[in-house]
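What follows is the content of target36.cif, which has mmCIF, N, CA and C atoms:
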```cif
data_coords
loop_
_atom_site.label_atom_id
_atom_site.label_comp_id
_atom_site.auth_asym_id
_atom_site.auth_seq_id
_atom_site.Cartn_x
_atom_site.Cartn_y
_atom_site.Cartn_z
N HIS X 234 65.50 93.99 112.28
CA HIS X 234 65.40 95.41 112.58
C HIS X 234 65.29 96.24 111.30
N GLY X 235 65.76 95.77 110.17
CA GLY X 235 65.58 96.45 108.90
C GLY X 235 66.47 97.65 108.66
N LEU X 236 67.45 97.91 109.50
CA LEU X 236 68.30 99.09 109.31
C LEU X 236 69.11 99.05 108.03
N PRO X 237 69.73 97.92 107.65
CA PRO X 237 70.47 97.92 106.38
C PRO X 237 69.59 98.30 105.19
N GLU X 238 68.37 97.77 105.16
CA GLU X 238 67.46 98.08 104.07
C GLU X 238 67.07 99.55 104.07
N LEU X 239 66.85 100.09 105.25
CA LEU X 239 66.52 101.52 105.36
C LEU X 239 67.67 102.38 104.84
N ILE X 240 68.87 102.06 105.24
CA ILE X 240 70.04 102.85 104.83
C ILE X 240 70.25 102.75 103.32
N THR X 241 70.14 101.54 102.77
CA THR X 241 70.33 101.39 101.32
C THR X 241 69.22 102.05 100.53
N SER X 242 68.05 102.27 101.14
CA SER X 242 66.97 102.96 100.43
C SER X 242 67.34 104.42 100.15
N TYR X 243 68.35 104.94 100.82
CA TYR X 243 68.86 106.29 100.58
C TYR X 243 70.09 106.27 99.68
N ASN X 244 70.28 105.17 98.97
CA ASN X 244 71.43 105.00 98.07
C ASN X 244 72.76 105.10 98.81
N ILE X 245 72.79 104.60 100.01
CA ILE X 245 74.00 104.53 100.81
C ILE X 245 74.36 103.05 100.92
N ALA X 246 75.59 102.71 100.58
CA ALA X 246 76.02 101.31 100.64
C ALA X 246 76.19 100.88 102.09
N VAL X 247 75.90 99.63 102.36
CA VAL X 247 76.08 99.04 103.68
C VAL X 247 77.11 97.92 103.55
N LEU X 248 78.19 98.03 104.32
CA LEU X 248 79.23 97.01 104.35
C LEU X 248 79.32 96.48 105.77
N THR X 249 79.39 95.18 105.93
CA THR X 249 79.52 94.61 107.26
C THR X 249 80.98 94.61 107.68
N GLU X 250 81.20 94.49 108.99
CA GLU X 250 82.58 94.51 109.48
C GLU X 250 83.38 93.36 108.92
N ASP X 251 82.76 92.21 108.71
CA ASP X 251 83.52 91.07 108.20
C ASP X 251 83.82 91.17 106.71
N SER X 252 83.18 92.11 106.01
CA SER X 252 83.48 92.28 104.58
C SER X 252 84.66 93.21 104.34
N VAL X 253 85.08 93.97 105.36
CA VAL X 253 86.20 94.90 105.17
C VAL X 253 87.33 94.72 106.19
N SER X 254 87.11 93.94 107.23
CA SER X 254 88.11 93.85 108.31
C SER X 254 89.44 93.28 107.84
N HIS X 255 89.42 92.46 106.81
CA HIS X 255 90.67 91.87 106.30
C HIS X 255 91.49 92.88 105.48
N LEU X 256 90.92 94.05 105.22
CA LEU X 256 91.60 95.04 104.39
C LEU X 256 92.53 95.97 105.17
N HIS X 257 92.47 95.90 106.50
CA HIS X 257 93.34 96.73 107.33
C HIS X 257 93.54 96.04 108.67
N ALA X 258 94.75 96.03 109.14
CA ALA X 258 95.04 95.41 110.43
C ALA X 258 94.58 96.30 111.58
N VAL X 259 94.39 95.69 112.73
CA VAL X 259 94.08 96.46 113.93
C VAL X 259 95.35 97.17 114.36
N GLU X 260 95.25 98.47 114.57
CA GLU X 260 96.41 99.23 115.05
C GLU X 260 96.49 99.06 116.56
N ARG X 261 97.62 98.61 117.01
CA ARG X 261 97.81 98.36 118.44
C ARG X 261 98.85 99.31 118.99
N PRO X 262 98.83 99.57 120.27
CA PRO X 262 98.03 98.92 121.30
C PRO X 262 96.61 99.49 121.38
N LEU X 263 95.70 98.68 121.84
CA LEU X 263 94.33 99.10 122.12
C LEU X 263 94.19 99.33 123.62
N ASN X 264 93.15 100.03 123.99
CA ASN X 264 92.89 100.24 125.42
C ASN X 264 92.01 99.14 126.01
N VAL X 265 91.71 98.14 125.22
CA VAL X 265 90.86 97.04 125.67
C VAL X 265 91.56 95.72 125.40
N MET X 266 91.13 94.68 126.11
CA MET X 266 91.62 93.35 125.82
C MET X 266 90.85 92.84 124.60
N ASP X 267 91.57 92.53 123.58
CA ASP X 267 90.99 92.16 122.29
C ASP X 267 91.03 90.64 122.16
N GLN X 268 89.98 89.97 122.67
CA GLN X 268 90.03 88.51 122.70
C GLN X 268 88.89 87.83 121.97
N TRP X 269 87.97 88.58 121.37
CA TRP X 269 86.86 87.97 120.64
C TRP X 269 86.95 88.36 119.17
N MET X 270 86.62 87.43 118.30
CA MET X 270 86.76 87.65 116.86
C MET X 270 85.91 88.80 116.35
N TYR X 271 84.65 88.90 116.78
CA TYR X 271 83.80 89.99 116.30
C TYR X 271 84.42 91.34 116.64
N HIS X 272 84.89 91.46 117.87
CA HIS X 272 85.47 92.74 118.28
C HIS X 272 86.76 93.04 117.52
N SER X 273 87.57 92.02 117.28
CA SER X 273 88.79 92.21 116.50
C SER X 273 88.45 92.68 115.09
N ARG X 274 87.43 92.06 114.47
CA ARG X 274 87.00 92.48 113.13
C ARG X 274 86.46 93.91 113.16
N LEU X 275 85.72 94.24 114.20
CA LEU X 275 85.16 95.59 114.32
C LEU X 275 86.28 96.63 114.42
N TYR X 276 87.30 96.37 115.21
CA TYR X 276 88.42 97.31 115.35
C TYR X 276 89.19 97.43 114.04
N ALA X 277 89.39 96.32 113.34
CA ALA X 277 90.07 96.36 112.04
C ALA X 277 89.22 97.14 111.03
N ALA X 278 87.91 96.92 111.05
CA ALA X 278 87.02 97.64 110.15
C ALA X 278 87.06 99.14 110.45
N ALA X 279 87.10 99.50 111.72
CA ALA X 279 87.20 100.92 112.09
C ALA X 279 88.49 101.52 111.56
N ASN X 280 89.59 100.78 111.63
CA ASN X 280 90.86 101.26 111.08
C ASN X 280 90.77 101.41 109.57
N TYR X 281 90.07 100.50 108.91
CA TYR X 281 89.88 100.61 107.46
C TYR X 281 89.04 101.84 107.12
N VAL X 282 87.96 102.04 107.85
CA VAL X 282 87.11 103.22 107.62
C VAL X 282 87.92 104.50 107.81
N LYS X 283 88.77 104.50 108.83
CA LYS X 283 89.58 105.68 109.15
C LYS X 283 90.48 106.08 107.98
N THR X 284 90.91 105.11 107.19
CA THR X 284 91.87 105.38 106.12
C THR X 284 91.25 105.39 104.73
N THR X 285 89.92 105.32 104.65
CA THR X 285 89.25 105.20 103.36
C THR X 285 88.25 106.33 103.16
N ASP X 286 88.39 107.03 102.04
CA ASP X 286 87.44 108.11 101.74
C ASP X 286 86.04 107.54 101.54
N ASN X 287 85.06 108.35 101.78
CA ASN X 287 83.65 108.04 101.53
C ASN X 287 83.10 106.91 102.40
N LEU X 288 83.74 106.59 103.50
CA LEU X 288 83.20 105.62 104.43
C LEU X 288 83.07 106.24 105.81
N ASP X 289 81.98 105.92 106.48
CA ASP X 289 81.79 106.24 107.88
C ASP X 289 81.28 104.98 108.54
N LEU X 290 81.18 104.97 109.87
CA LEU X 290 80.88 103.73 110.57
C LEU X 290 79.62 103.87 111.41
N ILE X 291 78.72 102.91 111.25
CA ILE X 291 77.54 102.78 112.10
C ILE X 291 77.65 101.43 112.78
N GLN X 292 77.58 101.43 114.10
CA GLN X 292 77.65 100.19 114.87
C GLN X 292 76.29 99.95 115.51
N LEU X 293 75.74 98.76 115.30
CA LEU X 293 74.48 98.37 115.92
C LEU X 293 74.77 97.56 117.17
N ASN X 294 74.17 97.94 118.28
CA ASN X 294 74.38 97.25 119.55
C ASN X 294 73.04 96.77 120.09
N SER X 295 73.08 95.65 120.78
CA SER X 295 71.89 95.19 121.49
C SER X 295 71.86 95.74 122.90
N PHE X 296 73.01 96.00 123.46
CA PHE X 296 73.10 96.47 124.84
C PHE X 296 74.07 97.64 124.91
N GLY X 297 73.89 98.49 125.88
CA GLY X 297 74.79 99.62 126.08
C GLY X 297 75.72 99.40 127.25
N CYS X 298 75.84 98.17 127.69
CA CYS X 298 76.69 97.90 128.84
C CYS X 298 77.59 96.70 128.52
N GLY X 299 78.44 96.36 129.45
CA GLY X 299 79.31 95.21 129.26
C GLY X 299 80.23 95.39 128.07
N LEU X 300 80.34 94.33 127.25
CA LEU X 300 81.26 94.36 126.11
C LEU X 300 80.89 95.41 125.08
N ASP X 301 79.59 95.64 124.87
CA ASP X 301 79.21 96.66 123.89
C ASP X 301 79.71 98.04 124.30
N ALA X 302 79.66 98.35 125.59
CA ALA X 302 80.16 99.63 126.06
C ALA X 302 81.65 99.77 125.80
N VAL X 303 82.38 98.70 126.02
CA VAL X 303 83.83 98.72 125.78
C VAL X 303 84.12 98.88 124.29
N THR X 304 83.40 98.13 123.44
CA THR X 304 83.68 98.21 122.00
C THR X 304 83.30 99.57 121.43
N THR X 305 82.20 100.15 121.89
CA THR X 305 81.82 101.47 121.36
C THR X 305 82.86 102.51 121.73
N ASP X 306 83.37 102.45 122.95
CA ASP X 306 84.41 103.39 123.35
C ASP X 306 85.68 103.20 122.52
N GLN X 307 86.07 101.94 122.28
CA GLN X 307 87.29 101.68 121.52
C GLN X 307 87.14 102.10 120.07
N VAL X 308 86.00 101.81 119.45
CA VAL X 308 85.77 102.23 118.06
C VAL X 308 85.78 103.74 117.96
N ALA X 309 85.14 104.42 118.91
CA ALA X 309 85.14 105.88 118.91
C ALA X 309 86.57 106.41 119.01
N GLU X 310 87.38 105.78 119.85
CA GLU X 310 88.78 106.21 119.99
C GLU X 310 89.56 105.98 118.70
N ILE X 311 89.34 104.85 118.05
CA ILE X 311 90.04 104.58 116.79
C ILE X 311 89.73 105.66 115.77
N LEU X 312 88.48 106.10 115.73
CA LEU X 312 88.07 107.09 114.73
C LEU X 312 88.29 108.53 115.15
N THR X 313 88.73 108.75 116.40
CA THR X 313 89.00 110.11 116.88
C THR X 313 90.05 110.78 115.99
N ASN X 314 89.83 112.02 115.68
CA ASN X 314 90.73 112.84 114.85
C ASN X 314 90.85 112.34 113.42
N SER X 315 89.89 111.55 112.96
CA SER X 315 89.97 111.04 111.59
C SER X 315 88.98 111.74 110.66
N ASP X 316 88.20 112.67 111.17
CA ASP X 316 87.16 113.35 110.39
C ASP X 316 86.13 112.37 109.86
N LYS X 317 85.91 111.29 110.60
CA LYS X 317 84.92 110.29 110.24
C LYS X 317 83.74 110.38 111.20
N ILE X 318 82.59 110.00 110.69
CA ILE X 318 81.39 109.99 111.51
C ILE X 318 81.22 108.60 112.09
N TYR X 319 81.08 108.53 113.40
CA TYR X 319 80.81 107.27 114.09
C TYR X 319 79.44 107.38 114.74
N THR X 320 78.56 106.47 114.38
CA THR X 320 77.22 106.44 114.96
C THR X 320 77.01 105.08 115.60
N SER X 321 76.62 105.07 116.85
CA SER X 321 76.30 103.84 117.54
C SER X 321 74.80 103.83 117.80
N LEU X 322 74.12 102.82 117.26
CA LEU X 322 72.68 102.70 117.44
C LEU X 322 72.38 101.52 118.35
N LYS X 323 71.67 101.78 119.42
CA LYS X 323 71.25 100.72 120.32
C LYS X 323 69.92 100.19 119.80
N ILE X 324 69.90 98.90 119.50
CA ILE X 324 68.68 98.28 118.99
C ILE X 324 68.15 97.30 120.01
N ASP X 325 66.87 97.04 119.91
CA ASP X 325 66.22 96.09 120.80
C ASP X 325 65.87 94.86 119.99
N GLU X 326 66.21 93.71 120.47
CA GLU X 326 65.97 92.48 119.71
C GLU X 326 64.66 91.82 120.13
N VAL X 327 63.57 92.54 119.92
CA VAL X 327 62.24 91.97 120.15
C VAL X 327 61.50 92.00 118.83
N ASN X 328 60.44 91.24 118.73
CA ASN X 328 59.71 91.14 117.47
C ASN X 328 58.90 92.37 117.12
N ASN X 329 58.34 93.06 118.10
CA ASN X 329 57.46 94.18 117.82
C ASN X 329 58.17 95.49 118.17
N LEU X 330 58.94 96.02 117.22
CA LEU X 330 59.69 97.24 117.47
C LEU X 330 58.88 98.50 117.26
N GLY X 331 57.83 98.41 116.45
CA GLY X 331 57.06 99.61 116.18
C GLY X 331 57.85 100.58 115.33
N ARG X 332 57.56 101.84 115.45
CA ARG X 332 58.24 102.87 114.66
C ARG X 332 59.47 103.37 115.41
N GLN X 333 60.52 103.56 114.65
CA GLN X 333 61.75 104.12 115.21
C GLN X 333 62.18 105.26 114.33
N ASN X 334 63.01 106.14 114.86
CA ASN X 334 63.41 107.31 114.11
C ASN X 334 64.89 107.61 114.37
N PRO X 335 65.81 106.98 113.64
CA PRO X 335 67.23 107.30 113.84
C PRO X 335 67.59 108.58 113.11
N ARG X 336 67.35 109.72 113.72
CA ARG X 336 67.49 111.02 113.08
C ARG X 336 68.86 111.30 112.47
N PRO X 337 69.96 110.75 112.98
CA PRO X 337 71.24 111.11 112.38
C PRO X 337 71.45 110.60 110.97
N LEU X 338 70.53 109.79 110.43
CA LEU X 338 70.72 109.23 109.10
C LEU X 338 69.74 109.85 108.14
N PRO X 339 70.02 110.03 106.91
CA PRO X 339 71.37 109.91 106.35
C PRO X 339 72.18 111.17 106.64
N VAL X 340 73.46 111.03 106.53
CA VAL X 340 74.38 112.11 106.84
C VAL X 340 75.08 112.55 105.57
N SER X 341 75.27 113.84 105.43
CA SER X 341 76.07 114.34 104.32
C SER X 341 77.18 115.20 104.88
N ARG X 342 78.24 115.30 104.14
CA ARG X 342 79.38 116.10 104.58
C ARG X 342 79.37 117.46 103.90
N ASP X 343 79.79 118.46 104.64
CA ASP X 343 79.98 119.79 104.08
C ASP X 343 81.45 119.88 103.69
N PRO X 344 81.77 119.78 102.38
CA PRO X 344 83.18 119.73 101.97
C PRO X 344 83.94 121.02 102.29
N ARG X 345 83.24 122.13 102.45
CA ARG X 345 83.94 123.39 102.74
C ARG X 345 84.43 123.43 104.17
N GLN X 346 83.68 122.82 105.09
CA GLN X 346 84.05 122.88 106.50
C GLN X 346 84.56 121.56 107.04
N GLY X 347 84.38 120.49 106.27
CA GLY X 347 84.84 119.18 106.73
C GLY X 347 84.04 118.66 107.91
N THR X 348 82.82 119.14 108.08
CA THR X 348 82.01 118.70 109.20
C THR X 348 80.79 117.97 108.71
N ALA X 349 80.24 117.19 109.59
CA ALA X 349 79.02 116.44 109.24
C ALA X 349 77.81 117.33 109.40
N GLN X 350 76.93 117.28 108.45
CA GLN X 350 75.67 118.01 108.51
C GLN X 350 74.54 117.00 108.41
N TYR X 351 73.67 116.99 109.37
CA TYR X 351 72.56 116.05 109.33
C TYR X 351 71.45 116.61 108.47
N LYS X 352 70.91 115.78 107.59
CA LYS X 352 69.81 116.22 106.76
C LYS X 352 68.56 116.41 107.62
N ALA X 353 67.72 117.31 107.22
CA ALA X 353 66.55 117.65 108.00
C ALA X 353 65.47 116.58 107.94
N GLU X 354 65.51 115.75 106.90
CA GLU X 354 64.45 114.75 106.78
C GLU X 354 64.54 113.70 107.87
N HIS X 355 63.38 113.20 108.28
CA HIS X 355 63.32 112.21 109.34
C HIS X 355 63.04 110.85 108.74
N LEU X 356 63.69 109.86 109.28
CA LEU X 356 63.49 108.49 108.82
C LEU X 356 62.55 107.81 109.80
N SER X 357 61.61 107.07 109.28
CA SER X 357 60.72 106.34 110.17
C SER X 357 60.09 105.18 109.43
N GLY X 358 59.44 104.34 110.17
CA GLY X 358 58.65 103.29 109.57
C GLY X 358 59.40 102.04 109.21
N PHE X 359 60.56 101.77 109.81
CA PHE X 359 61.22 100.51 109.51
C PHE X 359 61.01 99.56 110.67
N HIS X 360 61.09 98.29 110.38
CA HIS X 360 60.87 97.27 111.41
C HIS X 360 62.06 96.35 111.48
#
```
What would you get if you wrote out this structure as structure tokens?
Amino acid sequence: HGLPELITSYNIAVLTEDSVSHLHAVERPLNVMDQWMYHSRLYAAANYVKTTDNLDLIQLNSFGCGLDAVTTDQVAEILTNSDKIYTSLKIDEVNNLGRQNPRPLPVSRDPRQGTAQYKAEHLSGFH
């Protein structure tokens, strides 16, 4: 899908959930049954993002239902009231994606208001 390369082309670092999940434990209780390793790492990574300056979270999903729906809701809840930006992108795992335009990226913060401001430029042309 090329999203990590697109994001890094804007001089934004990309960290995977497994590269930071060991840096913060999952805060419990959760509202979901936490029985899969990927989801456990994702929740721990969200807790790490919540407590670390200059990090926000983008989650890539293949589906918007089932387990992905549960994990997106839980990650959003973990980051609630943390002044962090959570973006969930639904991707399609086919070979011919064509042009896509994830308008919320890149994001900059307005330090005076503590709110996210989306840049006007549009991203396109990644595969």
Of the candidates X:Arg274, X:Asp301, X:Asn287, X:Gln292, which shows the shortest atom-to-atom distance to Leu322 in chain X, using all atoms listed in the file?
X:Gln292
In terms of the shortest atom-to-atom distance over only N, CA and C atoms, which of X:Val265, X:Leu290, X:Met270, X:Leu300 is closest to Tyr319 in chain X?
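Counting only N, CA and C atoms, the residue closest to Tyr319 in chain X is X:Leu290.
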Name the residues of range 235-279 of chain X that fall into helix (DSSP H, G or I) according to DSSP on the backbone, using the chain letters and numbers of this document, as a list of chain:residue names.
X:Leu236, X:Pro237, X:Glu238, X:Leu239, X:Ile240, X:Thr241, X:Glu250, X:Asp251, X:Ser252, X:Val253, X:Ser254, X:His255, X:Leu256, X:Met270, X:Tyr271, X:His272, X:Ser273, X:Arg274, X:Leu275, X:Tyr276, X:Ala277, X:Ala278, X:Ala279
Quick one: residues within 6 Å of Lys323 in chain X, only C-alpha atoms, excluding same-chain residues fewer than 6 positions away - as a list in words?
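Listed by chain and then number, they are Leu293, Asn294 and Ser295 of chain X.
In terms of minimum interatomic distance to Leu288 in chain X, X:Asp316 ranks closest within X:Ser254, X:Tyr243, X:Met266, X:Asp316, counting all atoms listed in the file.
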Work out how far apart atom C of Asn280 in chain X and CA of Leu312 in chain X are and give it in Å to one decimal.
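One can read the atom C of Asn280 in chain X to CA of Leu312 in chain X distance as 8.1 Å.
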Between atom C of Lys283 in chain X and atom C of Leu263 in chain X, what is the distance in Å, rounded to a tenth?
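According to the coordinates, atom C of Lys283 in chain X and atom C of Leu263 in chain X are separated by 17.4 Å.
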Residue with smallest distance to Gln307 in chain X - pool X:Asn264, X:Ala246, X:Ser273, X:Pro237, counting all atoms listed in the file:
X:Asn264
Find the distance between CA of Ile240 in chain X and atom N of Leu275 in chain X and write it in Å to one decimal.
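If I compute the distance from CA of Ile240 in chain X to atom N of Leu275 in chain X, I get 20.2 Å.
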Could you write out, as an NGL selection string, all the residues of range 243-333 of chain X that DSSP marks as strand (DSSP E)?
:X and (290-294 or 319-323)
Nearest candidate to Asp286 in chain X (options X:Thr241, X:Leu236, X:Asp251, X:Ser315; using only C-alpha atoms):
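Using only C-alpha atoms, the shortest distance to Asp286 in chain X belongs to X:Ser315.
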